[in-house]
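**Student:** Got a structure for you, my_file-v2.cif, holding mmCIF, C-alpha atoms.
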```
data_coords
loop_
_atom_site.label_atom_id
_atom_site.label_comp_id
_atom_site.auth_asym_id
_atom_site.auth_seq_id
_atom_site.Cartn_x
_atom_site.Cartn_y
_atom_site.Cartn_z
CA MET O 1 -17.10 -19.15 24.77
CA CYS O 2 -17.70 -19.63 21.07
CA GLY O 3 -14.93 -20.45 18.65
CA PRO O 4 -13.09 -23.45 17.29
CA ALA O 5 -12.95 -25.19 20.68
CA ARG O 6 -16.62 -24.79 21.66
CA PRO O 7 -18.86 -23.98 18.67
CA ARG O 8 -22.53 -23.31 19.14
CA GLN O 9 -25.16 -24.99 16.97
CA ASN O 10 -25.00 -22.47 14.09
CA GLU O 11 -21.50 -21.14 14.59
CA GLY O 12 -18.00 -22.40 13.96
CA TYR O 13 -18.09 -21.83 10.19
CA GLY O 14 -15.43 -20.66 7.78
CA TYR O 15 -14.14 -21.49 4.30
CA GLN O 16 -16.94 -24.00 3.51
CA THR O 17 -16.06 -25.87 6.72
CA TRP O 18 -18.30 -26.31 9.76
CA ILE O 19 -16.93 -27.24 13.17
CA LEU O 20 -19.62 -29.52 14.55
CA PRO O 21 -21.10 -28.91 18.02
CA ASP O 22 -19.65 -31.87 19.89
CA GLU O 23 -17.08 -32.53 22.58
CA ARG O 24 -14.83 -34.04 19.90
CA ARG O 25 -13.38 -31.63 17.35
CA THR O 26 -15.18 -33.06 14.33
CA PHE O 27 -15.95 -30.98 11.29
CA MET O 28 -17.88 -31.07 8.02
CA LEU O 29 -17.07 -29.67 4.59
CA TRP O 30 -20.30 -28.78 2.73
CA GLY O 31 -20.42 -28.57 -1.06
CA ALA O 32 -22.70 -26.33 -3.12
CA HIS O 33 -25.05 -29.14 -4.23
CA GLY O 34 -25.42 -31.08 -0.98
CA GLN O 35 -22.12 -32.95 -0.98
CA ARG O 36 -20.64 -33.35 2.49
CA ILE O 37 -17.42 -34.68 3.98
CA TYR O 38 -17.45 -35.40 7.72
CA VAL O 39 -14.09 -35.75 9.50
CA ASP O 40 -13.05 -36.93 12.96
CA PRO O 41 -9.28 -36.25 13.08
CA ARG O 42 -8.79 -38.09 16.39
CA SER O 43 -9.89 -41.47 15.01
CA LYS O 44 -9.05 -40.67 11.36
CA LEU O 45 -12.67 -41.47 10.50
CA VAL O 46 -14.09 -39.85 7.34
CA MET O 47 -17.58 -40.12 5.84
CA VAL O 48 -18.33 -38.82 2.33
CA ASN O 49 -21.86 -38.03 1.16
CA THR O 50 -22.08 -37.54 -2.61
CA ALA O 51 -25.12 -35.65 -3.85
CA VAL O 52 -26.64 -33.52 -6.55
CA ARG O 53 -29.69 -31.71 -5.28
CA LYS O 54 -31.83 -28.78 -6.24
CA PRO O 55 -31.07 -25.40 -4.66
CA GLY O 56 -32.42 -24.92 -1.15
CA LEU O 57 -31.83 -26.43 2.24
CA ASP O 58 -32.97 -30.01 2.83
CA LEU O 59 -33.16 -30.15 6.63
CA PHE O 60 -34.32 -33.78 6.72
CA SER O 61 -31.27 -34.94 4.78
CA LEU O 62 -28.95 -32.83 6.92
CA GLN O 63 -30.41 -34.25 10.15
CA GLU O 64 -30.33 -37.80 8.81
CA MET O 65 -26.66 -37.56 7.78
CA GLY O 66 -25.81 -35.90 11.10
CA ALA O 67 -27.42 -38.75 13.01
CA LEU O 68 -25.53 -41.31 10.90
CA TRP O 69 -22.24 -39.49 11.49
CA THR O 70 -22.82 -39.32 15.25
CA ALA O 71 -23.59 -43.05 15.38
CA LEU O 72 -20.50 -43.91 13.32
CA VAL O 73 -18.21 -41.85 15.52
CA ARG O 74 -19.64 -43.50 18.63
CA GLN O 75 -19.29 -47.01 17.16
CA LEU O 76 -15.98 -46.70 15.30
CA GLY O 77 -14.23 -43.63 16.65
CA GLY O 78 -12.98 -44.98 19.94
CA ASP O 79 -14.01 -43.56 23.31
CA HIS O 80 -16.42 -40.65 22.85
CA THR O 81 -15.19 -37.67 24.86
#
```
Show me the file's structure as structure tokens.
**Tutor:**
Amino acid sequence: MCGPARPRQNEGYGYQTWILPDERRTFMLWGAHGQRIYVDPRSKLVMVNTAVRKPGLDLFSLQEMGALWTALVRQLGGDHT
């Protein structure tokens, strides 16, 4: 099933907000110039990535920030379920 509870890798998007594919209901708000806000409501953990980048998708940066977010949630977000 795809939707807010179980998003797939490229789904779970609406209103500039992405529900991240994880067992926890974390999400990311993605700005027009690469800014991102990652949120884990359960632990009240928030990570803000300020940026001004050229148009186009920077996959390396997206993967790097995703890996950092995952590590932070595991370290600081309590039990990872």
**Student:** CA of Ala71 in chain O to CA of Leu20 in chain O: how many Å, to one decimal?
**Tutor:** 14.1 Å
**Student:** Please list as a PDB file with C-alpha atoms, in the frame of the given file every residue within 8 Å of Leu29 in chain O, counting all atoms listed in the file and excluding residues in the same chain fewer than 4 positions away.
**Tutor:**
```pdb
ATOM      1  CA  GLN O  16     -16.940 -24.000   3.510  1.00  0.00           C
ATOM      2  CA  THR O  17     -16.060 -25.870   6.720  1.00  0.00           C
ATOM      3  CA  TRP O  18     -18.300 -26.310   9.760  1.00  0.00           C
ATOM      4  CA  ARG O  36     -20.640 -33.350   2.490  1.00  0.00           C
ATOM      5  CA  ILE O  37     -17.420 -34.680   3.980  1.00  0.00           C
ATOM      6  CA  TYR O  38     -17.450 -35.400   7.720  1.00  0.00           C
TER       7      TYR O  38
END
```
**Student:** Could you list, as an MDAnalysis selection string, every residue within 12 Å of Tyr15 in chain O, counting only C-alpha atoms and ignoring same-chain residues fewer than 6 positions away?
**Tutor:** chainID O and resid 27:31
**Student:** Include C-alpha atoms and write out the residues we just selected as a PDB file, in the frame of the given file.
**Tutor:**
```pdb
ATOM      1  CA  PHE O  27     -15.950 -30.980  11.290  1.00  0.00           C
ATOM      2  CA  MET O  28     -17.880 -31.070   8.020  1.00  0.00           C
ATOM      3  CA  LEU O  29     -17.070 -29.670   4.590  1.00  0.00           C
ATOM      4  CA  TRP O  30     -20.300 -28.780   2.730  1.00  0.00           C
ATOM      5  CA  GLY O  31     -20.420 -28.570  -1.060  1.00  0.00           C
TER       6      GLY O  31
END
```
**Student:** For CA of Trp69 in chain O and CA of Val52 in chain O, determine how far apart the two atoms are, in Å to one decimal place.
**Tutor:**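 Between CA of Trp69 in chain O and CA of Val52 in chain O the gap is 19.5 Å.
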**Student:** How many Å lie between CA of Glu23 in chain O and CA of Gln35 in chain O, rounded to one decimal?
**Tutor:**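 Atom-to-atom, CA of Glu23 in chain O and CA of Gln35 in chain O are spaced 24.1 Å apart.
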**Student:** Which residues, written as a list in words, have at least one atom at most 12 Å from Leu76 in chain O, with all atoms listed in the file counted and residues fewer than 2 positions away on the same chain left out?
**Tutor:**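 Non-adjacent residues within range: Asp40, Arg42, Ser43, Lys44, Leu45, Val46, Met47, Leu68, Trp69, Thr70, Ala71, Leu72, Val73, Arg74, Gly78, Asp79 and His80 of chain O.
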**Student:** Pull the neighbourhood of (-29.8, -28.1, 1.9) for me: all residues within 10 Å in file coordinates, counting only C-alpha atoms, as a JSON list (two decimals) with C-alpha atoms, in the coordinates of the input.
**Tutor:**
```
[["chain", "number", "residue", "atom", "x", "y", "z"],
["O", 30, "TRP", "CA", -20.30, -28.78, 2.73],
["O", 31, "GLY", "CA", -20.42, -28.57, -1.06],
["O", 32, "ALA", "CA", -22.70, -26.33, -3.12],
["O", 33, "HIS", "CA", -25.05, -29.14, -4.23],
["O", 34, "GLY", "CA", -25.42, -31.08, -0.98],
["O", 35, "GLN", "CA", -22.12, -32.95, -0.98],
["O", 53, "ARG", "CA", -29.69, -31.71, -5.28],
["O", 54, "LYS", "CA", -31.83, -28.78, -6.24],
["O", 55, "PRO", "CA", -31.07, -25.40, -4.66],
["O", 56, "GLY", "CA", -32.42, -24.92, -1.15],
["O", 57, "LEU", "CA", -31.83, -26.43, 2.24],
["O", 58, "ASP", "CA", -32.97, -30.01, 2.83],
["O", 59, "LEU", "CA", -33.16, -30.15, 6.63],
["O", 60, "PHE", "CA", -34.32, -33.78, 6.72],
["O", 61, "SER", "CA", -31.27, -34.94, 4.78],
["O", 62, "LEU", "CA", -28.95, -32.83, 6.92]]
```
